[in-house]
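> Enclosed is the structure file coords.pdb (PDB, C-alpha atoms, pLDDT in the B column).
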```
ATOM      1  CA  MET A   1     -33.199  14.841  21.127  1.00 47.00           C
ATOM      2  CA  LYS A   2     -35.552  15.995  18.367  1.00 49.00           C
ATOM      3  CA  GLY A   3     -36.023  18.875  16.016  1.00 52.00           C
ATOM      4  CA  ASN A   4     -33.390  21.233  14.706  1.00 66.00           C
ATOM      5  CA  VAL A   5     -30.048  21.026  16.458  1.00 73.00           C
ATOM      6  CA  ASN A   6     -27.388  23.688  16.343  1.00 84.00           C
ATOM      7  CA  PHE A   7     -24.120  22.360  14.925  1.00 91.00           C
ATOM      8  CA  ASP A   8     -22.116  24.346  17.474  1.00 90.00           C
ATOM      9  CA  ASP A   9     -24.022  22.607  20.270  1.00 90.00           C
ATOM     10  CA  ILE A  10     -23.192  19.213  18.787  1.00 91.00           C
ATOM     11  CA  ILE A  11     -19.473  20.007  18.856  1.00 91.00           C
ATOM     12  CA  GLU A  12     -19.397  21.777  22.206  1.00 90.00           C
ATOM     13  CA  ASN A  13     -21.607  19.264  24.044  1.00 90.00           C
ATOM     14  CA  ALA A  14     -20.565  16.094  22.205  1.00 89.00           C
ATOM     15  CA  PHE A  15     -24.104  15.343  21.046  1.00 92.00           C
ATOM     16  CA  ILE A  16     -23.093  12.286  19.031  1.00 94.00           C
ATOM     17  CA  GLU A  17     -23.333   8.536  19.518  1.00 95.00           C
ATOM     18  CA  THR A  18     -21.131   5.649  18.402  1.00 97.00           C
ATOM     19  CA  TYR A  19     -22.576   2.517  16.847  1.00 97.00           C
ATOM     20  CA  PHE A  20     -20.505  -0.595  16.255  1.00 98.00           C
ATOM     21  CA  GLN A  21     -20.911  -2.862  13.220  1.00 98.00           C
ATOM     22  CA  PRO A  22     -19.314  -6.328  13.235  1.00 98.00           C
ATOM     23  CA  VAL A  23     -16.668  -7.408  10.742  1.00 98.00           C
ATOM     24  CA  VAL A  24     -16.825 -11.189  10.284  1.00 98.00           C
ATOM     25  CA  ASP A  25     -14.320 -13.791   9.090  1.00 98.00           C
ATOM     26  CA  LEU A  26     -15.944 -15.651   6.194  1.00 98.00           C
ATOM     27  CA  SER A  27     -14.037 -18.847   6.895  1.00 97.00           C
ATOM     28  CA  ASN A  28     -15.749 -19.455  10.233  1.00 97.00           C
ATOM     29  CA  GLY A  29     -18.272 -16.700  11.015  1.00 97.00           C
ATOM     30  CA  ASN A  30     -16.218 -15.313  13.902  1.00 97.00           C
ATOM     31  CA  VAL A  31     -16.264 -11.595  14.621  1.00 98.00           C
ATOM     32  CA  ILE A  32     -12.772 -10.176  14.114  1.00 98.00           C
ATOM     33  CA  GLY A  33     -13.686  -6.625  15.044  1.00 98.00           C
ATOM     34  CA  TYR A  34     -16.133  -3.755  14.913  1.00 98.00           C
ATOM     35  CA  GLU A  35     -16.163  -0.576  12.873  1.00 97.00           C
ATOM     36  CA  ALA A  36     -17.055   2.529  14.860  1.00 97.00           C
ATOM     37  CA  LEU A  37     -19.824   4.488  13.113  1.00 96.00           C
ATOM     38  CA  THR A  38     -21.071   7.905  14.205  1.00 95.00           C
ATOM     39  CA  ARG A  39     -24.651   9.095  14.506  1.00 94.00           C
ATOM     40  CA  GLY A  40     -25.799  12.609  15.316  1.00 91.00           C
ATOM     41  CA  PRO A  41     -28.647  13.482  17.709  1.00 89.00           C
ATOM     42  CA  ARG A  42     -31.544  11.058  17.143  1.00 87.00           C
ATOM     43  CA  GLY A  43     -34.572  12.706  15.580  1.00 86.00           C
ATOM     44  CA  SER A  44     -32.551  15.644  14.295  1.00 86.00           C
ATOM     45  CA  SER A  45     -31.716  16.614  10.719  1.00 87.00           C
ATOM     46  CA  MET A  46     -28.080  15.708  11.426  1.00 90.00           C
ATOM     47  CA  TYR A  47     -28.662  12.185  12.709  1.00 89.00           C
ATOM     48  CA  LEU A  48     -27.182  10.524   9.633  1.00 88.00           C
ATOM     49  CA  PRO A  49     -23.382  10.828   9.423  1.00 87.00           C
ATOM     50  CA  ASN A  50     -23.303  12.052   5.819  1.00 89.00           C
ATOM     51  CA  VAL A  51     -25.516  15.023   6.755  1.00 90.00           C
ATOM     52  CA  LEU A  52     -23.458  15.782   9.859  1.00 90.00           C
ATOM     53  CA  ILE A  53     -20.195  15.572   7.923  1.00 88.00           C
ATOM     54  CA  SER A  54     -21.555  17.697   5.084  1.00 90.00           C
ATOM     55  CA  GLU A  55     -22.525  20.382   7.591  1.00 90.00           C
ATOM     56  CA  ALA A  56     -19.063  20.259   9.166  1.00 90.00           C
ATOM     57  CA  LYS A  57     -17.344  20.622   5.806  1.00 88.00           C
ATOM     58  CA  SER A  58     -19.581  23.520   4.780  1.00 92.00           C
ATOM     59  CA  ARG A  59     -18.471  25.287   7.957  1.00 92.00           C
ATOM     60  CA  ASN A  60     -14.809  24.288   7.513  1.00 89.00           C
ATOM     61  CA  ARG A  61     -14.968  22.466  10.847  1.00 89.00           C
ATOM     62  CA  MET A  62     -14.351  18.898   9.727  1.00 85.00           C
ATOM     63  CA  LYS A  63     -11.208  18.542  11.816  1.00 84.00           C
ATOM     64  CA  GLU A  64     -13.113  19.382  14.987  1.00 88.00           C
ATOM     65  CA  LEU A  65     -15.909  16.944  14.180  1.00 90.00           C
ATOM     66  CA  ASP A  66     -13.456  14.208  13.255  1.00 88.00           C
ATOM     67  CA  TYR A  67     -11.609  14.651  16.538  1.00 88.00           C
ATOM     68  CA  LEU A  68     -14.882  14.404  18.451  1.00 92.00           C
ATOM     69  CA  MET A  69     -15.984  11.302  16.535  1.00 93.00           C
ATOM     70  CA  ARG A  70     -12.684   9.491  17.167  1.00 92.00           C
ATOM     71  CA  LYS A  71     -12.566  10.420  20.848  1.00 93.00           C
ATOM     72  CA  THR A  72     -16.199   9.370  21.354  1.00 96.00           C
ATOM     73  CA  ALA A  73     -15.563   6.068  19.563  1.00 96.00           C
ATOM     74  CA  LEU A  74     -12.607   5.250  21.809  1.00 96.00           C
ATOM     75  CA  VAL A  75     -14.453   6.224  24.982  1.00 96.00           C
ATOM     76  CA  ASN A  76     -17.534   4.188  24.047  1.00 97.00           C
ATOM     77  CA  ALA A  77     -15.494   1.175  22.933  1.00 97.00           C
ATOM     78  CA  GLU A  78     -13.734   1.057  26.294  1.00 97.00           C
ATOM     79  CA  LYS A  79     -16.982   1.640  28.196  1.00 96.00           C
ATOM     80  CA  ARG A  80     -18.680  -1.262  26.412  1.00 95.00           C
ATOM     81  CA  GLY A  81     -15.779  -3.639  26.994  1.00 95.00           C
ATOM     82  CA  LEU A  82     -14.025  -3.916  23.639  1.00 94.00           C
ATOM     83  CA  HIS A  83     -12.745  -7.487  23.191  1.00 92.00           C
ATOM     84  CA  LYS A  84     -12.023  -7.475  19.458  1.00 96.00           C
ATOM     85  CA  MET A  85     -10.340  -5.189  16.937  1.00 98.00           C
ATOM     86  CA  LEU A  86     -11.717  -1.653  16.670  1.00 98.00           C
ATOM     87  CA  PHE A  87     -11.825  -0.256  13.126  1.00 97.00           C
ATOM     88  CA  ILE A  88     -11.766   3.533  13.257  1.00 95.00           C
ATOM     89  CA  ASN A  89     -11.818   6.008  10.367  1.00 89.00           C
ATOM     90  CA  ILE A  90      -9.885   9.227  10.045  1.00 83.00           C
ATOM     91  CA  ASP A  91     -11.148  11.802   7.571  1.00 74.00           C
ATOM     92  CA  PRO A  92      -8.699  12.938   4.856  1.00 67.00           C
ATOM     93  CA  VAL A  93      -9.171  16.560   5.959  1.00 65.00           C
ATOM     94  CA  ALA A  94      -7.958  15.752   9.464  1.00 66.00           C
ATOM     95  CA  ILE A  95      -5.034  13.400   9.032  1.00 70.00           C
ATOM     96  CA  TYR A  96      -2.455  16.077   8.235  1.00 67.00           C
ATOM     97  CA  ASP A  97      -3.169  18.092  11.376  1.00 65.00           C
ATOM     98  CA  VAL A  98      -1.419  16.651  14.438  1.00 60.00           C
ATOM     99  CA  ASP A  99      -3.716  18.562  16.797  1.00 57.00           C
ATOM    100  CA  TYR A 100      -6.831  16.694  15.729  1.00 52.00           C
ATOM    101  CA  ALA A 101      -7.762  13.150  14.705  1.00 52.00           C
ATOM    102  CA  ASN A 102      -4.215  11.811  14.485  1.00 62.00           C
ATOM    103  CA  CYS A 103      -3.480  13.009  17.976  1.00 76.00           C
ATOM    104  CA  VAL A 104      -6.504  11.447  19.670  1.00 85.00           C
ATOM    105  CA  VAL A 105      -6.181   8.079  17.934  1.00 89.00           C
ATOM    106  CA  MET A 106      -2.445   7.933  18.629  1.00 89.00           C
ATOM    107  CA  ARG A 107      -3.359   8.373  22.300  1.00 90.00           C
ATOM    108  CA  SER A 108      -5.832   5.474  22.256  1.00 94.00           C
ATOM    109  CA  ALA A 109      -4.080   3.823  25.200  1.00 94.00           C
ATOM    110  CA  GLU A 110      -5.059   6.803  27.353  1.00 93.00           C
ATOM    111  CA  TYR A 111      -8.681   5.837  26.701  1.00 94.00           C
ATOM    112  CA  GLY A 112      -8.064   2.199  27.617  1.00 95.00           C
ATOM    113  CA  ILE A 113      -7.712   0.875  24.038  1.00 96.00           C
ATOM    114  CA  LEU A 114      -4.237  -0.439  23.193  1.00 96.00           C
ATOM    115  CA  PRO A 115      -2.862   0.269  19.694  1.00 96.00           C
ATOM    116  CA  ARG A 116      -2.674  -3.460  18.899  1.00 96.00           C
ATOM    117  CA  ASN A 117      -6.472  -3.548  19.181  1.00 97.00           C
ATOM    118  CA  VAL A 118      -7.037  -0.678  16.738  1.00 97.00           C
ATOM    119  CA  THR A 119      -7.112  -0.652  12.946  1.00 97.00           C
ATOM    120  CA  VAL A 120      -6.944   2.852  11.525  1.00 94.00           C
ATOM    121  CA  GLU A 121      -8.884   3.253   8.282  1.00 91.00           C
ATOM    122  CA  PHE A 122      -7.858   5.710   5.586  1.00 85.00           C
ATOM    123  CA  SER A 123      -9.608   6.344   2.306  1.00 75.00           C
ATOM    124  CA  GLU A 124      -7.450   6.457  -0.800  1.00 61.00           C
ATOM    125  CA  SER A 125      -8.230  10.156  -1.124  1.00 60.00           C
ATOM    126  CA  SER A 126      -6.234  10.663   2.085  1.00 57.00           C
ATOM    127  CA  ALA A 127      -3.054  10.531   0.002  1.00 54.00           C
ATOM    128  CA  VAL A 128      -4.125  13.228  -2.425  1.00 53.00           C
ATOM    129  CA  CYS A 129      -2.169  16.078  -0.812  1.00 58.00           C
ATOM    130  CA  SER A 130       1.226  14.434  -0.614  1.00 68.00           C
ATOM    131  CA  PHE A 131       1.724  10.716  -1.033  1.00 72.00           C
ATOM    132  CA  GLU A 132       5.171  10.917   0.534  1.00 77.00           C
ATOM    133  CA  LYS A 133       3.797  12.657   3.629  1.00 78.00           C
ATOM    134  CA  PHE A 134       0.914  10.203   3.689  1.00 78.00           C
ATOM    135  CA  GLN A 135       3.353   7.273   3.737  1.00 81.00           C
ATOM    136  CA  THR A 136       5.161   8.887   6.669  1.00 83.00           C
ATOM    137  CA  ILE A 137       1.878   9.139   8.583  1.00 84.00           C
ATOM    138  CA  ILE A 138       1.095   5.485   7.848  1.00 86.00           C
ATOM    139  CA  SER A 139       4.555   4.427   9.049  1.00 88.00           C
ATOM    140  CA  GLY A 140       4.025   6.358  12.270  1.00 88.00           C
ATOM    141  CA  TYR A 141       0.863   4.413  13.034  1.00 90.00           C
ATOM    142  CA  LYS A 142       2.395   1.061  12.148  1.00 93.00           C
ATOM    143  CA  ASN A 143       5.497   1.752  14.243  1.00 93.00           C
ATOM    144  CA  ALA A 144       3.216   2.631  17.175  1.00 93.00           C
ATOM    145  CA  GLY A 145       1.520  -0.773  16.929  1.00 95.00           C
ATOM    146  CA  PHE A 146      -1.656   0.069  15.011  1.00 96.00           C
ATOM    147  CA  SER A 147      -2.952  -1.924  12.061  1.00 96.00           C
ATOM    148  CA  ILE A 148      -3.833  -0.100   8.837  1.00 94.00           C
ATOM    149  CA  ALA A 149      -6.779  -0.463   6.476  1.00 94.00           C
ATOM    150  CA  PHE A 150      -7.576   1.294   3.224  1.00 87.00           C
ATOM    151  CA  ASP A 151     -11.246   2.048   2.698  1.00 83.00           C
ATOM    152  CA  ASP A 152     -13.235   2.950  -0.418  1.00 68.00           C
ATOM    153  CA  ILE A 153     -10.298   2.396  -2.725  1.00 61.00           C
ATOM    154  CA  ASN A 154     -10.522   2.900  -6.447  1.00 51.00           C
ATOM    155  CA  CYS A 155     -10.196  -0.475  -8.118  1.00 49.00           C
ATOM    156  CA  ALA A 156      -8.117   0.765 -11.048  1.00 48.00           C
ATOM    157  CA  PHE A 157      -4.919  -1.296 -11.235  1.00 49.00           C
ATOM    158  CA  THR A 158      -2.542   1.667 -10.917  1.00 52.00           C
ATOM    159  CA  ASP A 159      -4.332   2.939  -7.823  1.00 62.00           C
ATOM    160  CA  ILE A 160      -4.231  -0.489  -6.209  1.00 66.00           C
ATOM    161  CA  ASN A 161      -0.477  -0.602  -6.788  1.00 67.00           C
ATOM    162  CA  LYS A 162      -0.118   2.806  -5.143  1.00 69.00           C
ATOM    163  CA  VAL A 163      -2.072   1.639  -2.131  1.00 73.00           C
ATOM    164  CA  SER A 164       0.000  -1.549  -1.898  1.00 74.00           C
ATOM    165  CA  ALA A 165       3.176   0.540  -1.567  1.00 77.00           C
ATOM    166  CA  THR A 166       2.135   1.367   2.007  1.00 82.00           C
ATOM    167  CA  ASN A 167       1.641  -2.324   2.925  1.00 88.00           C
ATOM    168  CA  PRO A 168      -1.767  -2.087   4.633  1.00 92.00           C
ATOM    169  CA  ASN A 169      -3.040  -4.915   6.815  1.00 96.00           C
ATOM    170  CA  TYR A 170      -6.516  -4.728   5.296  1.00 96.00           C
ATOM    171  CA  ILE A 171      -8.055  -3.477   2.061  1.00 93.00           C
ATOM    172  CA  LYS A 172     -11.746  -2.641   2.207  1.00 94.00           C
ATOM    173  CA  VAL A 173     -13.894  -2.681  -0.919  1.00 92.00           C
ATOM    174  CA  GLY A 174     -17.074  -0.643  -0.727  1.00 86.00           C
ATOM    175  CA  GLY A 175     -20.733  -1.207  -1.374  1.00 82.00           C
ATOM    176  CA  GLY A 176     -20.641   0.226  -4.876  1.00 88.00           C
ATOM    177  CA  LEU A 177     -18.485  -2.690  -5.982  1.00 91.00           C
ATOM    178  CA  VAL A 178     -20.046  -5.254  -3.671  1.00 94.00           C
ATOM    179  CA  ARG A 179     -23.732  -4.683  -4.377  1.00 95.00           C
ATOM    180  CA  GLY A 180     -24.912  -6.790  -7.288  1.00 96.00           C
ATOM    181  CA  ILE A 181     -21.594  -8.583  -7.776  1.00 97.00           C
ATOM    182  CA  LYS A 182     -23.476 -11.893  -7.926  1.00 97.00           C
ATOM    183  CA  THR A 183     -24.703 -10.998 -11.432  1.00 96.00           C
ATOM    184  CA  ASP A 184     -22.193  -8.363 -12.556  1.00 96.00           C
ATOM    185  CA  ILE A 185     -19.154  -9.858 -14.299  1.00 96.00           C
ATOM    186  CA  ASP A 186     -17.514  -6.427 -14.653  1.00 95.00           C
ATOM    187  CA  LYS A 187     -17.544  -5.969 -10.880  1.00 95.00           C
ATOM    188  CA  ARG A 188     -15.922  -9.352 -10.404  1.00 95.00           C
ATOM    189  CA  MET A 189     -13.231  -8.404 -12.910  1.00 94.00           C
ATOM    190  CA  GLU A 190     -12.612  -5.202 -10.930  1.00 91.00           C
ATOM    191  CA  LEU A 191     -12.316  -7.101  -7.674  1.00 93.00           C
ATOM    192  CA  GLU A 192      -9.971  -9.826  -8.933  1.00 93.00           C
ATOM    193  CA  PRO A 193      -6.799  -7.654  -9.142  1.00 88.00           C
ATOM    194  CA  VAL A 194      -7.543  -6.228  -5.698  1.00 88.00           C
ATOM    195  CA  ILE A 195      -7.572  -9.714  -4.206  1.00 92.00           C
ATOM    196  CA  THR A 196      -4.483 -10.743  -6.186  1.00 90.00           C
ATOM    197  CA  ILE A 197      -2.403  -7.780  -5.023  1.00 88.00           C
ATOM    198  CA  ALA A 198      -3.715  -8.091  -1.467  1.00 90.00           C
ATOM    199  CA  ASN A 199      -2.490 -11.694  -1.407  1.00 92.00           C
ATOM    200  CA  MET A 200       0.906 -10.596  -2.730  1.00 90.00           C
ATOM    201  CA  ILE A 201       1.401  -8.059   0.071  1.00 91.00           C
ATOM    202  CA  ASN A 202      -0.222 -10.195   2.804  1.00 94.00           C
ATOM    203  CA  ALA A 203      -3.192  -7.851   3.183  1.00 94.00           C
ATOM    204  CA  LYS A 204      -6.696  -9.162   3.809  1.00 96.00           C
ATOM    205  CA  VAL A 205      -9.697  -8.014   1.778  1.00 96.00           C
ATOM    206  CA  ILE A 206     -12.863  -6.974   3.618  1.00 97.00           C
ATOM    207  CA  ALA A 207     -16.107  -6.441   1.711  1.00 97.00           C
ATOM    208  CA  VAL A 208     -18.243  -3.605   3.093  1.00 96.00           C
ATOM    209  CA  GLY A 209     -21.943  -3.024   2.532  1.00 95.00           C
ATOM    210  CA  VAL A 210     -22.901  -6.684   2.155  1.00 97.00           C
ATOM    211  CA  GLU A 211     -26.684  -6.969   2.174  1.00 96.00           C
ATOM    212  CA  ASP A 212     -27.437  -9.850  -0.187  1.00 97.00           C
ATOM    213  CA  GLN A 213     -26.840 -13.588   0.247  1.00 98.00           C
ATOM    214  CA  GLY A 214     -25.901 -14.095  -3.401  1.00 98.00           C
ATOM    215  CA  ASP A 215     -23.334 -11.301  -3.242  1.00 98.00           C
ATOM    216  CA  LEU A 216     -21.873 -12.795  -0.072  1.00 98.00           C
ATOM    217  CA  GLU A 217     -21.540 -16.219  -1.678  1.00 98.00           C
ATOM    218  CA  VAL A 218     -19.712 -14.776  -4.698  1.00 98.00           C
ATOM    219  CA  LEU A 219     -17.381 -12.744  -2.486  1.00 98.00           C
ATOM    220  CA  TYR A 220     -16.574 -15.857  -0.484  1.00 98.00           C
ATOM    221  CA  SER A 221     -15.906 -17.891  -3.645  1.00 97.00           C
ATOM    222  CA  MET A 222     -13.498 -15.209  -4.880  1.00 97.00           C
ATOM    223  CA  GLY A 223     -11.422 -15.387  -1.721  1.00 97.00           C
ATOM    224  CA  VAL A 224     -12.581 -12.315   0.212  1.00 97.00           C
ATOM    225  CA  TYR A 225     -11.417 -12.686   3.811  1.00 98.00           C
ATOM    226  CA  ALA A 226     -14.168 -10.917   5.758  1.00 98.00           C
ATOM    227  CA  ALA A 227     -17.448  -9.067   5.334  1.00 98.00           C
ATOM    228  CA  GLN A 228     -19.348  -6.220   6.936  1.00 97.00           C
ATOM    229  CA  GLY A 229     -22.866  -4.988   6.234  1.00 97.00           C
ATOM    230  CA  ASN A 230     -26.466  -5.223   7.348  1.00 97.00           C
ATOM    231  CA  LEU A 231     -26.695  -8.870   6.294  1.00 98.00           C
ATOM    232  CA  ILE A 232     -23.779  -9.621   8.609  1.00 98.00           C
ATOM    233  CA  GLY A 233     -24.967  -7.468  11.494  1.00 97.00           C
ATOM    234  CA  ILE A 234     -26.544  -4.036  11.859  1.00 97.00           C
ATOM    235  CA  PRO A 235     -24.739  -1.209  13.696  1.00 96.00           C
ATOM    236  CA  GLN A 236     -25.644  -1.142  17.389  1.00 96.00           C
ATOM    237  CA  LYS A 237     -24.525   0.724  20.494  1.00 95.00           C
ATOM    238  CA  GLU A 238     -23.378  -2.494  22.148  1.00 96.00           C
ATOM    239  CA  PHE A 239     -20.976  -5.093  20.749  1.00 96.00           C
ATOM    240  CA  LYS A 240     -23.276  -7.639  19.132  1.00 93.00           C
ATOM    241  CA  GLY A 241     -22.304 -10.732  17.165  1.00 92.00           C
ATOM    242  CA  ILE A 242     -23.142 -11.916  13.683  1.00 96.00           C
ATOM    243  CA  SER A 243     -26.804 -12.201  12.665  1.00 96.00           C
ATOM    244  CA  ASP A 244     -28.373 -15.650  12.778  1.00 96.00           C
ATOM    245  CA  ARG A 245     -29.064 -15.514   9.058  1.00 96.00           C
ATOM    246  CA  ALA A 246     -25.464 -14.683   8.159  1.00 97.00           C
ATOM    247  CA  LYS A 247     -24.171 -17.340  10.542  1.00 97.00           C
ATOM    248  CA  GLY A 248     -26.280 -19.944   8.758  1.00 97.00           C
ATOM    249  CA  ILE A 249     -25.106 -18.817   5.322  1.00 97.00           C
ATOM    250  CA  ILE A 250     -21.428 -18.850   6.300  1.00 98.00           C
ATOM    251  CA  THR A 251     -21.795 -22.269   7.921  1.00 97.00           C
ATOM    252  CA  LEU A 252     -23.249 -23.675   4.685  1.00 97.00           C
ATOM    253  CA  MET A 253     -20.534 -22.013   2.568  1.00 97.00           C
ATOM    254  CA  ASN A 254     -17.843 -23.709   4.626  1.00 97.00           C
ATOM    255  CA  ALA A 255     -19.546 -27.112   4.857  1.00 90.00           C
TER     256      ALA A 255
END
```
Would you put the structure from the file into structure tokens?

Amino acid sequence: MKGNVNFDDIIENAFIETYFQPVVDLSNGNVIGYEALTRGPRGSSMYLPNVLISEAKSRNRMKELDYLMRKTALVNAEKRGLHKMLFINIDPVAIYDVDYANCVVMRSAEYGILPRNVTVEFSESSAVCSFEKFQTIISGYKNAGFSIAFDDINCAFTDINKVSATNPNYIKVGGGLVRGIKTDIDKRMELEPVITIANMINAKVIAVGVEDQGDLEVLYSMGVYAAQGNLIGIPQKEFKGISDRAKGIITLMNA
């Protein structure tokens, strides 16, 4: 589909695709799961997710788009034979409305994906409205059998402590911190307390946006559990494994 696409058509006709990017254990190179990533109509101005999401927010229709993205991710994961963990995001705008993203993810079993095979990702900004209510939402997912990950967290010590209060299974650190960490001592100092607190609460740290071998080697040496990024494996419609290059690097790191 090319050219200009009407946003209403995208919502009403589900003109989106799901791509899956592998998340890999740095101790052995095994794929532990895949993050579901959305793309708009190929060739259109809203192909990239940030453009699509920006359009949705400008129209105050983020909850509808988020619902569609989560439902499409679950349907496509089942269709392609999910055999690992599925990491699935919920937008902060949508999590407080039971009729939208929360509802469809909570019903993952209806789409053939059991809760034990799903990790629900929240950004730290999800808790901005009411941390107490946010903790209740998190508890609901955990009690239903889902795993929890925090994404794009702020690495300030007080914020990390706040996140740890919800006892997530995974803590994801984003590309802004990851990129260039091989030469940036300040970034390493930011990451160290994240790893320390994660170890204290039995959460595992996943580095996102890994594109450089040197960065990957530093992350591994610091004790990061898993990595995701184009070096590890590019997003694809089918479930693909780790790239040959990354496999070789991880093998050498563990030799």
> Find the smallest box with edges along x, y and z containing every listed atom of range 223-240 of chain A, then add 3 Å on each side and report centre and edge lengths in Å to one decimal, as lines of an AutoDock Vina configuration file.

```
center_x = -19.1
center_y = -7.3
center_z = 10.2
size_x = 21.3
size_y = 22.1
size_z = 29.9
```
> If I take CA of Ala165 in chain A and CA of Met106 in chain A, how far is one from the other in Å, to one decimal?
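CA of Met106 in chain A lies at a distance of 22.2 Å from CA of Ala165 in chain A.
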> Given the PyMOL selection byres ((chain A and resi 211) around 8) and the file above, list the residues it selects as a list in words.
Arg179, Gly209, Val210, Asp212, Gln213, Asp215, Leu216, Gly229, Asn230, Leu231 and Ile232 of chain A
> So what do you get for CA of Asp8 in chain A versus CA of Leu52 in chain A, distance-wise?
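Separating CA of Asp8 in chain A from CA of Leu52 in chain A is a distance of 11.5 Å.
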> Between CA of Asp244 in chain A and CA of Ala73 in chain A, what is the distance in Å, rounded to a tenth?
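Between CA of Asp244 in chain A and CA of Ala73 in chain A the gap is 26.1 Å.
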> Written as an MDAnalysis selection string, what is the full residue list that the PyMOL selection byres ((chain A and resi 141) around 10) yields on the file shown?
chainID A and resid 102 105:106 115 119:120 136:140 142:148
> Using the chain letters and residue numbers of this document, give as a PyMOL selection string the residues selected by the PyMOL selection byres ((chain A and resi 82) around 10).
chain A and resi 33-34+74+76-81+83-86+112-113+117+238-239
> What would the list of residues within 8 Å of (-13.6, -6.2, 11.3) (file frame) look like as a list of chain:residue names, if all atoms listed in the file are what count?
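Result, sorted by chain then residue number: A:Pro22, A:Val23, A:Val24, A:Asp25, A:Val31, A:Ile32, A:Gly33, A:Tyr34, A:Glu35, A:Met85, A:Leu86, A:Phe87, A:Ile206, A:Ala226, A:Ala227, A:Gln228.
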> Please identify all polymer residues within 12 Å of range 39-50 of chain A, counting all atoms listed in the file, omitting same-chain residues fewer than 5 positions from it, and present them as a PyMOL selection string.
chain A and resi 1-7+9-11+13-20+55-57+62+65-66+68-69+72-73+235-237
> Measuring between only C-alpha atoms, which one of A:Ile195, A:Ile95, A:Val163, A:Leu114 shows the shortest distance to Lys133 in chain A?
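Selected residue with least distance to Lys133 in chain A: A:Ile95.
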> Hey, which of A:Pro168, A:Leu191, A:Glu12, A:Gly29 ends up closest to Gly248 in chain A? Count all atoms listed in the file.
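Nearest to Gly248 in chain A: A:Gly29.
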> Find, counting only C-alpha atoms, the residue in A:Val224, A:Val104, A:Val218, A:Ile249 that gets nearest to Ile185 in chain A.
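Distance minimum relative to Ile185 in chain A lands on A:Val218.
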> Do you know which residues lie at most 10 Å from (-6.8, -8.5, 0.7), with coordinates as in the file and all atoms listed in the file counted, and could you write them as a list in words?
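Checked against the point, the hits come out as Ala149, Pro168, Asn169, Tyr170, Ile171, Lys172, Val173, Pro193, Val194, Ile195, Thr196, Ile197, Ala198, Asn199, Met200, Ile201, Asn202, Ala203, Lys204, Val205, Ile206, Ala207, Gly223, Val224, Tyr225 and Ala226 of chain A.
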